[in-house]
$ cat structure35.pdb   # PDB, C-alpha atoms
ATOM      1  CA  MET A  78      -7.037  -7.230 -20.273
ATOM      2  CA  SER A  79      -5.014  -4.045 -20.522
ATOM      3  CA  ALA A  80      -7.968  -1.956 -19.414
ATOM      4  CA  GLY A  81     -11.421  -2.690 -18.130
ATOM      5  CA  THR A  82     -14.843  -1.156 -18.288
ATOM      6  CA  ALA A  83     -16.633   0.549 -15.433
ATOM      7  CA  GLU A  84     -18.926  -2.483 -15.160
ATOM      8  CA  GLU A  85     -15.944  -4.826 -14.850
ATOM      9  CA  LEU A  86     -14.417  -2.614 -12.173
ATOM     10  CA  ASP A  87     -17.681  -2.604 -10.221
ATOM     11  CA  LEU A  88     -17.766  -6.400 -10.405
ATOM     12  CA  LEU A  89     -14.188  -6.629  -9.125
ATOM     13  CA  ILE A  90     -14.994  -4.302  -6.231
ATOM     14  CA  ASP A  91     -18.075  -6.358  -5.328
ATOM     15  CA  THR A  92     -15.945  -9.512  -5.385
ATOM     16  CA  ALA A  93     -13.275  -7.856  -3.239
ATOM     17  CA  GLN A  94     -15.842  -6.713  -0.677
ATOM     18  CA  GLN A  95     -17.076 -10.279  -0.276
ATOM     19  CA  ILE A  96     -13.536 -11.662   0.059
ATOM     20  CA  PHE A  97     -12.188  -9.051   2.467
ATOM     21  CA  ALA A  98     -15.251  -9.237   4.713
ATOM     22  CA  ASP A  99     -13.785 -12.462   6.127
ATOM     23  CA  SER A 100     -11.716 -12.153   9.303
ATOM     24  CA  GLU A 101      -9.320 -15.064   8.696
ATOM     25  CA  ALA A 102      -6.149 -14.124   6.837
ATOM     26  CA  ALA A 103      -5.594 -17.604   5.372
ATOM     27  CA  LYS A 104      -9.107 -17.778   3.917
ATOM     28  CA  ILE A 105      -8.826 -14.283   2.523
ATOM     29  CA  TRP A 106      -5.580 -14.952   0.702
ATOM     30  CA  SER A 107      -6.788 -18.291  -0.642
ATOM     31  CA  ALA A 108      -9.811 -16.510  -2.127
ATOM     32  CA  VAL A 109      -7.611 -13.738  -3.522
ATOM     33  CA  GLU A 110      -5.418 -16.225  -5.366
ATOM     34  CA  GLU A 111      -8.385 -18.222  -6.636
ATOM     35  CA  SER A 112      -9.974 -15.067  -8.032
ATOM     36  CA  GLY A 113      -6.700 -13.749  -9.492
ATOM     37  CA  LEU A 114      -7.090 -10.383  -7.778
ATOM     38  CA  HIS A 115      -3.402 -10.366  -6.821
ATOM     39  CA  LEU A 116      -2.430 -10.290 -10.505
ATOM     40  CA  LEU A 117      -4.548  -7.300 -11.531
ATOM     41  CA  ALA A 118      -1.550  -5.003 -12.029
ATOM     42  CA  ALA A 119       0.931  -7.608 -13.268
ATOM     43  CA  PRO A 120       1.823  -7.255 -16.962
ATOM     44  CA  GLU A 121       0.169  -9.495 -19.524
ATOM     45  CA  PRO A 122       0.166 -12.436 -20.138
ATOM     46  CA  ASP A 123       0.817 -13.158 -16.439
ATOM     47  CA  GLY A 124      -1.767 -10.701 -15.161
ATOM     48  CA  GLY A 125      -4.359  -8.118 -16.090
ATOM     49  CA  ASP A 126      -2.125  -5.058 -16.548
ATOM     50  CA  TRP A 127      -4.852  -3.018 -14.829
ATOM     51  CA  LEU A 128      -3.254  -0.815 -12.183
ATOM     52  CA  ALA A 129      -6.364   1.267 -11.495
ATOM     53  CA  ALA A 130      -8.263  -1.883 -10.521
ATOM     54  CA  ALA A 131      -5.504  -2.988  -8.140
ATOM     55  CA  VAL A 132      -5.599   0.462  -6.521
ATOM     56  CA  ALA A 133      -9.386   0.276  -6.152
ATOM     57  CA  VAL A 134      -9.240  -3.200  -4.596
ATOM     58  CA  THR A 135      -6.472  -2.046  -2.234
ATOM     59  CA  ARG A 136      -8.820   0.680  -1.020
ATOM     60  CA  VAL A 137     -11.543  -1.897  -0.371
ATOM     61  CA  CYS A 138      -9.109  -4.089   1.561
ATOM     62  CA  ALA A 139      -8.090  -1.175   3.786
ATOM     63  CA  GLU A 140     -11.631   0.099   4.226
ATOM     64  CA  LEU A 141     -12.666  -3.280   5.620
ATOM     65  CA  ALA A 142      -9.462  -3.535   7.721
ATOM     66  CA  ALA A 143      -8.777  -6.943   6.203
ATOM     67  CA  PRO A 144      -5.759  -8.683   7.781
ATOM     68  CA  THR A 145      -3.809  -9.139   4.557
ATOM     69  CA  PRO A 146      -1.101  -7.137   2.704
ATOM     70  CA  TYR A 147      -3.037  -7.098  -0.570
ATOM     71  CA  GLY A 148      -1.581  -3.870  -1.947
ATOM     72  CA  ASP A 149       1.989  -4.985  -1.260
ATOM     73  CA  VAL A 150       1.476  -8.042  -3.422
ATOM     74  CA  ALA A 151      -0.832  -6.732  -6.148
ATOM     75  CA  ILE A 152       0.783  -3.330  -6.743
ATOM     76  CA  VAL A 153       4.397  -4.081  -5.819
ATOM     77  CA  THR A 154       5.524  -7.707  -5.675
ATOM     78  CA  ALA A 155       3.562  -9.438  -8.440
ATOM     79  CA  PRO A 156       4.225  -6.816 -11.164
ATOM     80  CA  VAL A 157       7.921  -6.473 -10.280
ATOM     81  CA  LEU A 158       8.547 -10.233 -10.349
ATOM     82  CA  ALA A 159       6.563 -10.725 -13.557
ATOM     83  CA  ALA A 160       8.434  -7.919 -15.326
ATOM     84  CA  ALA A 161      11.755  -9.452 -14.262
ATOM     85  CA  GLY A 162      10.712 -12.876 -15.545
ATOM     86  CA  LEU A 163      10.981 -14.476 -12.103
ATOM     87  CA  THR A 164       8.641 -16.887 -10.372
ATOM     88  CA  ALA A 165       8.424 -17.773  -6.703
ATOM     89  CA  ALA A 166       6.491 -20.105  -4.448
ATOM     90  CA  ALA A 167       3.533 -18.177  -3.080
ATOM     91  CA  PRO A 168       2.933 -16.331  -0.879
ATOM     92  CA  VAL A 169       5.854 -13.995  -1.540
ATOM     93  CA  ALA A 170       7.227 -11.090   0.505
ATOM     94  CA  LEU A 171       9.198  -8.313  -1.156
ATOM     95  CA  ALA A 172      12.126  -6.795   0.732
ATOM     96  CA  ASP A 173      14.165  -3.714  -0.161
ATOM     97  CA  ALA A 174      17.574  -4.836   1.062
ATOM     98  CA  GLY A 175      20.970  -3.309   1.646
ATOM     99  CA  GLY A 176      24.365  -4.971   1.934
ATOM    100  CA  PRO A 177      27.197  -6.342  -0.201
ATOM    101  CA  SER A 178      26.686  -8.514  -3.264
ATOM    102  CA  SER A 179      28.859 -10.119  -5.921
ATOM    103  CA  THR A 180      28.565 -12.588  -8.774
ATOM    104  CA  THR A 181      30.550 -15.634  -9.795
ATOM    105  CA  GLY A 182      29.474 -16.754 -13.231
ATOM    106  CA  THR A 183      25.701 -17.101 -13.022
ATOM    107  CA  THR A 184      25.625 -17.319  -9.216
ATOM    108  CA  LEU A 185      24.786 -14.294  -7.090
ATOM    109  CA  GLN A 186      26.253 -13.956  -3.608
ATOM    110  CA  LEU A 187      24.208 -11.831  -1.197
ATOM    111  CA  ASP A 188      24.723 -10.634   2.351
ATOM    112  CA  VAL A 189      21.684  -8.427   2.896
ATOM    113  CA  VAL A 190      19.288  -7.147   5.527
ATOM    114  CA  ALA A 191      15.801  -5.699   5.046
ATOM    115  CA  SER A 192      13.573  -4.058   7.624
ATOM    116  CA  GLN A 193       9.824  -3.487   7.921
ATOM    117  CA  VAL A 194       8.907  -6.342   5.561
ATOM    118  CA  ALA A 195       5.165  -6.946   5.528
ATOM    119  CA  ALA A 196       4.015 -10.401   6.693
ATOM    120  CA  ALA A 197       7.393 -11.979   5.954
ATOM    121  CA  ARG A 198       7.091 -14.687   8.592
ATOM    122  CA  PHE A 199       4.091 -16.250   6.846
ATOM    123  CA  THR A 200       5.520 -16.410   3.320
ATOM    124  CA  GLU A 201       7.129 -19.206   1.373
ATOM    125  CA  SER A 202       9.495 -16.977  -0.619
ATOM    126  CA  VAL A 203      11.213 -13.634  -0.308
ATOM    127  CA  ALA A 204      12.095 -11.394  -3.256
ATOM    128  CA  PHE A 205      15.050  -9.235  -2.241
ATOM    129  CA  VAL A 206      15.405  -6.025  -4.216
ATOM    130  CA  HIS A 207      19.036  -4.975  -4.010
ATOM    131  CA  GLY A 208      19.804  -1.970  -6.191
ATOM    132  CA  ASP A 209      19.236  -3.165  -9.744
ATOM    133  CA  ILE A 210      19.054  -6.821  -8.708
ATOM    134  CA  ILE A 211      16.000  -8.885  -7.794
ATOM    135  CA  ALA A 212      16.710 -12.233  -6.118
ATOM    136  CA  VAL A 213      14.190 -14.847  -4.978
ATOM    137  CA  VAL A 214      15.055 -17.089  -2.038
ATOM    138  CA  ALA A 215      13.095 -19.440   0.188
ATOM    139  CA  ARG A 216      11.986 -17.730   3.371
ATOM    140  CA  SER A 217      13.306 -20.736   5.306
ATOM    141  CA  ARG A 218      16.834 -19.665   4.293
ATOM    142  CA  CYS A 219      16.365 -16.240   5.905
ATOM    143  CA  ALA A 220      16.860 -15.088   9.460
ATOM    144  CA  VAL A 221      13.571 -13.565  10.593
ATOM    145  CA  GLU A 222      13.269 -11.108  13.452
ATOM    146  CA  GLU A 223       9.581 -10.567  14.101
ATOM    147  CA  GLY A 224       8.213  -7.059  14.539
ATOM    148  CA  ALA A 225       5.027  -5.047  14.157
ATOM    149  CA  ASN A 226       3.855  -1.548  13.374
ATOM    150  CA  LEU A 227       1.550   0.542  15.565
ATOM    151  CA  ALA A 228      -1.487  -1.245  14.128
ATOM    152  CA  GLY A 229      -0.087  -4.638  15.071
ATOM    153  CA  GLU A 230       0.562  -5.624  11.456
ATOM    154  CA  ASN A 231       3.584  -7.834  10.893
ATOM    155  CA  ARG A 232       6.668  -5.849   9.934
ATOM    156  CA  ASP A 233       9.647  -8.184  10.140
ATOM    157  CA  ARG A 234      13.409  -7.827   9.757
ATOM    158  CA  LEU A 235      14.962 -10.280   7.318
ATOM    159  CA  GLY A 236      18.564 -11.250   6.862
ATOM    160  CA  PHE A 237      20.026 -13.454   4.145
ATOM    161  CA  ARG A 238      23.584 -14.579   3.470
ATOM    162  CA  GLY A 239      24.232 -17.107   0.745
ATOM    163  CA  ASP A 240      24.129 -17.955  -2.946
ATOM    164  CA  VAL A 241      21.264 -17.408  -5.358
ATOM    165  CA  TYR A 242      21.526 -19.516  -8.463
ATOM    166  CA  ASP A 243      20.734 -18.861 -12.114
ATOM    167  CA  GLY A 244      17.040 -18.499 -12.834
ATOM    168  CA  MET A 245      16.275 -17.172  -9.374
ATOM    169  CA  TRP A 246      17.709 -13.700  -9.826
ATOM    170  CA  ALA A 247      17.690 -11.058 -12.514
ATOM    171  CA  THR A 248      19.058  -7.611 -13.237
ATOM    172  CA  ALA A 249      16.313  -5.007 -13.481
ATOM    173  CA  PRO A 250      17.604  -1.441 -13.952
ATOM    174  CA  GLY A 251      15.892   0.963 -11.562
ATOM    175  CA  ALA A 252      14.260  -1.831  -9.581
ATOM    176  CA  ALA A 253      14.765  -0.250  -6.147
ATOM    177  CA  ALA A 254      13.382   3.113  -7.277
ATOM    178  CA  GLU A 255      10.379   1.436  -8.879
ATOM    179  CA  VAL A 256       9.654  -0.577  -5.740
ATOM    180  CA  ARG A 257       9.693   2.604  -3.663
ATOM    181  CA  LEU A 258       7.222   4.305  -6.018
ATOM    182  CA  ARG A 259       4.968   1.275  -6.221
ATOM    183  CA  GLY A 260       5.034   0.900  -2.446
ATOM    184  CA  ALA A 261       4.176   4.558  -1.951
ATOM    185  CA  LEU A 262       1.230   4.251  -4.343
ATOM    186  CA  ALA A 263       0.037   1.106  -2.557
ATOM    187  CA  ARG A 264       0.174   2.868   0.813
ATOM    188  CA  ALA A 265      -1.588   5.939  -0.550
ATOM    189  CA  ALA A 266      -4.403   3.744  -1.844
ATOM    190  CA  ALA A 267      -4.649   1.939   1.490
ATOM    191  CA  ILE A 268      -4.762   5.235   3.388
ATOM    192  CA  CYS A 269      -7.658   6.329   1.159
ATOM    193  CA  GLY A 270      -9.609   3.201   2.086
ATOM    194  CA  ALA A 271      -8.940   3.493   5.804
ATOM    195  CA  ALA A 272      -9.805   7.199   5.737
ATOM    196  CA  ARG A 273     -13.111   6.454   4.041
ATOM    197  CA  ALA A 274     -13.874   3.898   6.761
ATOM    198  CA  ALA A 275     -13.134   6.539   9.403
ATOM    199  CA  LEU A 276     -15.475   8.959   7.626
ATOM    200  CA  GLN A 277     -18.296   6.433   7.472
ATOM    201  CA  ALA A 278     -17.806   5.488  11.126
ATOM    202  CA  SER A 279     -17.829   9.141  12.194
ATOM    203  CA  VAL A 280     -21.004   9.956  10.281
ATOM    204  CA  SER A 281     -22.756   6.889  11.672
ATOM    205  CA  TYR A 282     -21.713   7.552  15.267
ATOM    206  CA  ALA A 283     -22.587  11.249  15.089
ATOM    207  CA  ASN A 284     -26.106  10.404  13.972
ATOM    208  CA  GLU A 285     -26.547   7.735  16.660
ATOM    209  CA  ARG A 286     -25.023   9.499  19.678
ATOM    210  CA  VAL A 287     -27.524  11.739  21.443
ATOM    211  CA  GLN A 288     -26.386  14.561  23.701
ATOM    212  CA  PHE A 289     -28.543  17.297  25.222
ATOM    213  CA  GLY A 290     -31.598  15.780  23.586
ATOM    214  CA  ARG A 291     -30.361  15.645  19.985
ATOM    215  CA  PRO A 292     -27.815  13.746  17.848
ATOM    216  CA  ILE A 293     -24.347  15.233  18.067
ATOM    217  CA  ALA A 294     -24.406  15.457  14.258
ATOM    218  CA  LYS A 295     -26.602  18.525  14.775
ATOM    219  CA  PHE A 296     -23.794  20.404  16.517
ATOM    220  CA  GLN A 297     -21.766  22.683  14.283
ATOM    221  CA  VAL A 298     -18.407  21.662  15.717
ATOM    222  CA  ILE A 299     -19.101  18.000  14.879
ATOM    223  CA  GLN A 300     -20.248  18.946  11.402
ATOM    224  CA  HIS A 301     -16.996  20.850  10.895
ATOM    225  CA  LEU A 302     -14.891  17.872  12.023
ATOM    226  CA  ILE A 303     -16.702  15.487   9.690
ATOM    227  CA  ALA A 304     -16.570  17.938   6.780
ATOM    228  CA  GLU A 305     -12.808  18.232   7.229
ATOM    229  CA  ILE A 306     -12.488  14.437   7.114
ATOM    230  CA  ALA A 307     -14.570  14.329   3.916
ATOM    231  CA  VAL A 308     -12.381  16.972   2.272
ATOM    232  CA  GLU A 309      -9.213  15.033   3.093
ATOM    233  CA  VAL A 310     -10.704  11.780   1.800
ATOM    234  CA  GLU A 311     -11.658  13.339  -1.524
ATOM    235  CA  ALA A 312      -8.303  15.097  -1.929
ATOM    236  CA  MET A 313      -6.207  11.992  -1.257
ATOM    237  CA  THR A 314      -8.458   9.822  -3.427
ATOM    238  CA  ALA A 315      -8.212  12.234  -6.365
ATOM    239  CA  ALA A 316      -4.410  12.431  -6.038
ATOM    240  CA  THR A 317      -4.058   8.650  -5.817
ATOM    241  CA  ASP A 318      -6.302   8.002  -8.804
ATOM    242  CA  ALA A 319      -4.355  10.590 -10.820
ATOM    243  CA  ALA A 320      -1.057   8.925  -9.890
ATOM    244  CA  ALA A 321      -2.392   5.507 -10.859
ATOM    245  CA  GLY A 322      -3.438   6.913 -14.233
ATOM    246  CA  VAL A 323      -0.007   8.427 -14.898
ATOM    247  CA  CYS A 324       1.825   5.251 -13.849
ATOM    248  CA  ALA A 325      -0.474   3.049 -15.922
ATOM    249  CA  ALA A 326       0.226   5.201 -19.001
ATOM    250  CA  ASP A 327       3.948   5.917 -18.501
ATOM    251  CA  GLY A 328       5.208   3.178 -16.195
ATOM    252  CA  PHE A 329       7.030   3.903 -12.949
ATOM    253  CA  THR A 330      10.391   4.942 -14.369
ATOM    254  CA  GLY A 331       9.674   8.445 -15.684
ATOM    255  CA  GLU A 332       9.647  11.834 -14.000
ATOM    256  CA  ARG A 333       5.880  12.248 -14.420
ATOM    257  CA  ALA A 334       5.294   9.070 -12.433
ATOM    258  CA  ARG A 335       7.708  10.136  -9.708
ATOM    259  CA  ILE A 336       5.981  13.496  -9.295
ATOM    260  CA  ALA A 337       2.481  12.015  -9.430
ATOM    261  CA  VAL A 338       3.253   9.376  -6.781
ATOM    262  CA  ALA A 339       4.991  11.980  -4.618
ATOM    263  CA  VAL A 340       1.865  14.151  -4.704
ATOM    264  CA  ALA A 341      -0.388  11.180  -3.907
ATOM    265  CA  LYS A 342       1.660   9.888  -0.973
ATOM    266  CA  ALA A 343       2.316  13.357   0.455
ATOM    267  CA  GLN A 344      -1.403  14.188   0.252
ATOM    268  CA  ALA A 345      -2.479  10.843   1.723
ATOM    269  CA  SER A 346       0.063  10.865   4.554
ATOM    270  CA  ALA A 347      -0.705  14.444   5.544
ATOM    271  CA  GLY A 348      -4.440  13.786   5.399
ATOM    272  CA  ALA A 349      -4.130  10.585   7.444
ATOM    273  CA  GLY A 350      -3.252  12.566  10.551
ATOM    274  CA  VAL A 351      -6.178  14.934  10.116
ATOM    275  CA  VAL A 352      -8.640  12.097   9.520
ATOM    276  CA  ALA A 353      -7.495  10.072  12.542
ATOM    277  CA  ARG A 354      -7.510  13.111  14.839
ATOM    278  CA  ASN A 355     -10.982  14.286  13.798
ATOM    279  CA  ALA A 356     -12.491  10.797  13.889
ATOM    280  CA  HIS A 357     -11.348  10.342  17.482
ATOM    281  CA  GLN A 358     -12.698  13.755  18.419
ATOM    282  CA  VAL A 359     -16.093  12.833  16.979
ATOM    283  CA  HIS A 360     -16.136   9.479  18.785
ATOM    284  CA  GLY A 361     -14.775  10.771  22.090
ATOM    285  CA  ALA A 362     -13.311   8.309  24.598
ATOM    286  CA  ILE A 363     -15.137   5.317  23.118
ATOM    287  CA  GLY A 364     -13.012   5.510  19.968
ATOM    288  CA  THR A 365      -9.800   4.864  21.883
ATOM    289  CA  THR A 366     -10.857   1.480  23.251
ATOM    290  CA  LYS A 367      -9.909  -1.836  21.669
ATOM    291  CA  GLU A 368     -13.541  -2.893  21.877
ATOM    292  CA  HIS A 369     -14.484  -0.200  19.355
ATOM    293  CA  PRO A 370     -13.481  -0.881  15.702
ATOM    294  CA  LEU A 371     -12.270   2.680  15.103
ATOM    295  CA  HIS A 372      -8.797   1.792  16.361
ATOM    296  CA  LEU A 373      -8.408  -0.728  13.524
ATOM    297  CA  THR A 374      -8.640   2.202  11.135
ATOM    298  CA  THR A 375      -6.763   4.957  12.917
ATOM    299  CA  THR A 376      -3.763   2.885  14.003
ATOM    300  CA  ARG A 377      -3.337   1.839  10.378
ATOM    301  CA  LEU A 378      -3.531   5.458   9.259
ATOM    302  CA  TRP A 379      -0.822   6.443  11.746
ATOM    303  CA  SER A 380       1.363   3.522  10.637
ATOM    304  CA  TRP A 381       0.884   3.756   6.875
ATOM    305  CA  ARG A 382       1.504   7.499   6.709
ATOM    306  CA  ASP A 383       5.230   6.853   7.344
ATOM    307  CA  GLU A 384       5.701   3.610   5.400
ATOM    308  CA  TYR A 385       7.373   4.008   1.990
ATOM    309  CA  GLY A 386       8.104   7.618   2.890
ATOM    310  CA  SER A 387       6.314  10.154   5.070
ATOM    311  CA  GLU A 388       4.636  13.303   3.793
ATOM    312  CA  ARG A 389       7.809  15.254   4.530
ATOM    313  CA  ASP A 390       9.919  12.813   2.514
ATOM    314  CA  TRP A 391       7.699  13.171  -0.533
ATOM    315  CA  GLN A 392       7.212  16.903  -0.068
ATOM    316  CA  ALA A 393      10.997  17.182  -0.216
ATOM    317  CA  VAL A 394      10.941  15.304  -3.531
ATOM    318  CA  LEU A 395       8.385  17.773  -4.875
ATOM    319  CA  GLY A 396      10.338  20.739  -3.585
ATOM    320  CA  GLN A 397      13.528  19.537  -5.225
ATOM    321  CA  ALA A 398      11.691  18.940  -8.495
ATOM    322  CA  ALA A 399      10.291  22.478  -8.351
ATOM    323  CA  LEU A 400      13.793  23.897  -7.902
ATOM    324  CA  GLU A 401      15.170  21.900 -10.814
ATOM    325  CA  GLN A 402      12.305  22.431 -13.271
ATOM    326  CA  ASP A 403       9.665  24.938 -14.230
ATOM    327  CA  VAL A 404       7.300  25.055 -11.256
ATOM    328  CA  TRP A 405       4.164  25.240 -13.393
ATOM    329  CA  GLU A 406       5.175  22.095 -15.284
ATOM    330  CA  VAL A 407       5.718  20.269 -11.991
ATOM    331  CA  VAL A 408       2.356  21.168 -10.446
ATOM    332  CA  THR A 409       0.383  20.478 -13.619
TER
END
$ encode --input "structure35.pdb" --output "structure tokens"
Amino acid sequence: MSAGTAEELDLLIDTAQQIFADSEAAKIWSAVEESGLHLLAAPEPDGGDWLAAAVAVTRVCAELAAPTPYGDVAIVTAPVLAAAGLTAAAPVALADAGGPSSTTGTTLQLDVVASQVAAARFTESVAFVHGDIIAVVARSRCAVEEGANLAGENRDRLGFRGDVYDGMWATAPGAAAEVRLRGALARAAAICGAARAALQASVSYANERVQFGRPIAKFQVIQHLIAEIAVEVEAMTAATDAAAGVCAADGFTGERARIAVAVAKAQASAGAGVVARNAHQVHGAIGTTKEHPLHLTTTRLWSWRDEYGSERDWQAVLGQAALEQDVWEVVT
């Protein structure tokens, strides 16, 4: 399906909510593959070619703090591999790598390193994106240095030196730039979901917590904090949905897509800090403890705001575009 109806999208979201409610990563990913949710944005006939649905499901995954890199696979890895005509043993990690490369006949020689690769240690395959080249290798052939972001999510360093044979690599012009845009869109969507979870948690806590004989939701300062969270959630969601629409229509290679994703990620990353700060102020000291679920949301917001480019990185992209083009055309 190249596009779906509102009813179909609602059904997908309901399915995603049931899947991501589980706390075991292995069970979650098994259910994702069985349902085909990871192929929503992959081009037909391999997938559904429905980017907006993949963005919506990514939000659900983040809202429920599910321990799985759904957006990385559905919005980035699966579509990029399918478009390049490559297959890999699942699960697959995608790594933006730097280092020397050369070819001898149909064999590619790589000596590359990639940092901050999501969940690499648990995958069967790694797809290295190296400039305009995409190469698939077994994860067992890679050197893995385990790491984590502030939220405790796996962010590993991978190194690979060796040959990649015909059929396991392809030339894809603009691959690295497309991966960066897709990754930024995936993170923006995830930030939207986590921010919505922080909003819901703040509203619920403010109505339950009683101080001076009444719920703290009755105090104007708390109302202001929550209203500011709600504004940020709506702004980042609107920007992300707009970017998904542009990318679905134009692909990720044009200037419109670059500007739209830059706006979405800049808005989401900037808003992430506001949402996390206000949510903790509403919750007080209880929100900083590991026993309270708020930290699952806010630590992800603090981590994701910098992954695939911070707000300043993408604001710089927008500023440069404004200097090079008509400003009104850029902002509209």
$ residues_around --input "structure35.pdb" --residues "A:Asp390" --least-positions-apart "4" --cutoff "8 Å" --atoms "all atoms listed in the file" --output "compact mmCIF listing (two decimals) with C-alpha atoms, in the coordinates of the input"
# COMPACT_ATOMS: atom_id res chain seq x y z
CA ALA A 343 2.32 13.36 0.46
CA GLY A 386 8.10 7.62 2.89
CA VAL A 394 10.94 15.30 -3.53
$ residues_around --input "structure35.pdb" --residues "A:Leu185" --least-positions-apart "4" --cutoff "9 Å" --atoms "only C-alpha atoms" --output "PyMOL selection string"
chain A and resi 178-181+212+239-243+246
$ residues_around --input "structure35.pdb" --residues "A:Cys138" --least-positions-apart "3" --cutoff "10 Å" --atoms "all atoms listed in the file" --output "list in words"
Ile90, Ala93, Gln94, Ile96, Phe97, Ala98, Val132, Ala133, Val134, Thr135, Leu141, Ala142, Ala143, Pro144, Thr145, Pro146, Tyr147, Gly148, Ala266, Ala267, Gly270 and Ala271 of chain A
$ write_last_selection --input "structure35.pdb" --atoms "C-alpha atoms" --output "compact mmCIF listing (two decimals), keeping the file's coordinate frame"
# COMPACT_ATOMS: atom_id res chain seq x y z
CA ILE A 90 -14.99 -4.30 -6.23
CA ALA A 93 -13.28 -7.86 -3.24
CA GLN A 94 -15.84 -6.71 -0.68
CA ILE A 96 -13.54 -11.66 0.06
CA PHE A 97 -12.19 -9.05 2.47
CA ALA A 98 -15.25 -9.24 4.71
CA VAL A 132 -5.60 0.46 -6.52
CA ALA A 133 -9.39 0.28 -6.15
CA VAL A 134 -9.24 -3.20 -4.60
CA THR A 135 -6.47 -2.05 -2.23
CA LEU A 141 -12.67 -3.28 5.62
CA ALA A 142 -9.46 -3.54 7.72
CA ALA A 143 -8.78 -6.94 6.20
CA PRO A 144 -5.76 -8.68 7.78
CA THR A 145 -3.81 -9.14 4.56
CA PRO A 146 -1.10 -7.14 2.70
CA TYR A 147 -3.04 -7.10 -0.57
CA GLY A 148 -1.58 -3.87 -1.95
CA ALA A 266 -4.40 3.74 -1.84
CA ALA A 267 -4.65 1.94 1.49
CA GLY A 270 -9.61 3.20 2.09
CA ALA A 271 -8.94 3.49 5.80
$ axis_aligned_box --input "structure35.pdb" --around "stretch 143-156 of chain A" --padding-each-side "5 Å" --output "lines of an AutoDock Vina configuration file"
center_x = -1.6
center_y = -6.4
center_z = -1.7
size_x = 24.3
size_y = 16.1
size_z = 28.9
$ closest_atom_pairs --input "structure35.pdb" --of "stretch 238-344 of chain A" --to "stretch 157-165 of chain A" --cutoff "7 Å" --atoms "only C-alpha atoms" --output "JSON lines"
{"residue": "A:Met245", "atom": "CA", "partner": "A:Leu163", "partner_atom": "CA", "distance": 6.5}
{"residue": "A:Ala247", "atom": "CA", "partner": "A:Ala161", "partner_atom": "CA", "distance": 6.4}
{"residue": "A:Ala249", "atom": "CA", "partner": "A:Ala161", "partner_atom": "CA", "distance": 6.4}
$ closest_residue --input "structure35.pdb" --among "A:Ala103, A:Leu187, A:Ala362, A:Ala151" --to "A:Thr200" --atoms "only C-alpha atoms"
A:Ala103
$ atom_distance --input "structure35.pdb" --atom1 "atom CA of A:Thr154" --atom2 "atom CA of A:Leu117"
11.7 Å
$ residues_around --input "structure35.pdb" --residues "A:Arg218" --least-positions-apart "3" --cutoff "12 Å" --atoms "all atoms listed in the file" --output "list in words"
Arg198, Thr200, Glu201, Ser202, Val203, Val213, Val214, Ala215, Val221, Leu235, Gly236, Phe237, Arg238, Gly239, Asp240 and Val241 of chain A
$ closest_residue --input "structure35.pdb" --among "A:Lys104, A:Gln288, A:Ala196, A:Pro177" --to "A:Gly229" --atoms "all atoms listed in the file"
A:Ala196
$ residues_around --input "structure35.pdb" --residues "A:Asp123" --least-positions-apart "3" --cutoff "9 Å" --atoms "all atoms listed in the file" --output "ChimeraX atom specification"
/A:116,119-120,126,156,159
$ atom_distance --input "structure35.pdb" --atom1 "atom CA of A:Ala325" --atom2 "atom CA of A:Asp149"
16.9 Å
$ closest_residue --input "structure35.pdb" --among "A:His360, A:Arg291, A:Ala197, A:Gly176" --to "A:His372" --atoms "only C-alpha atoms"
A:His360
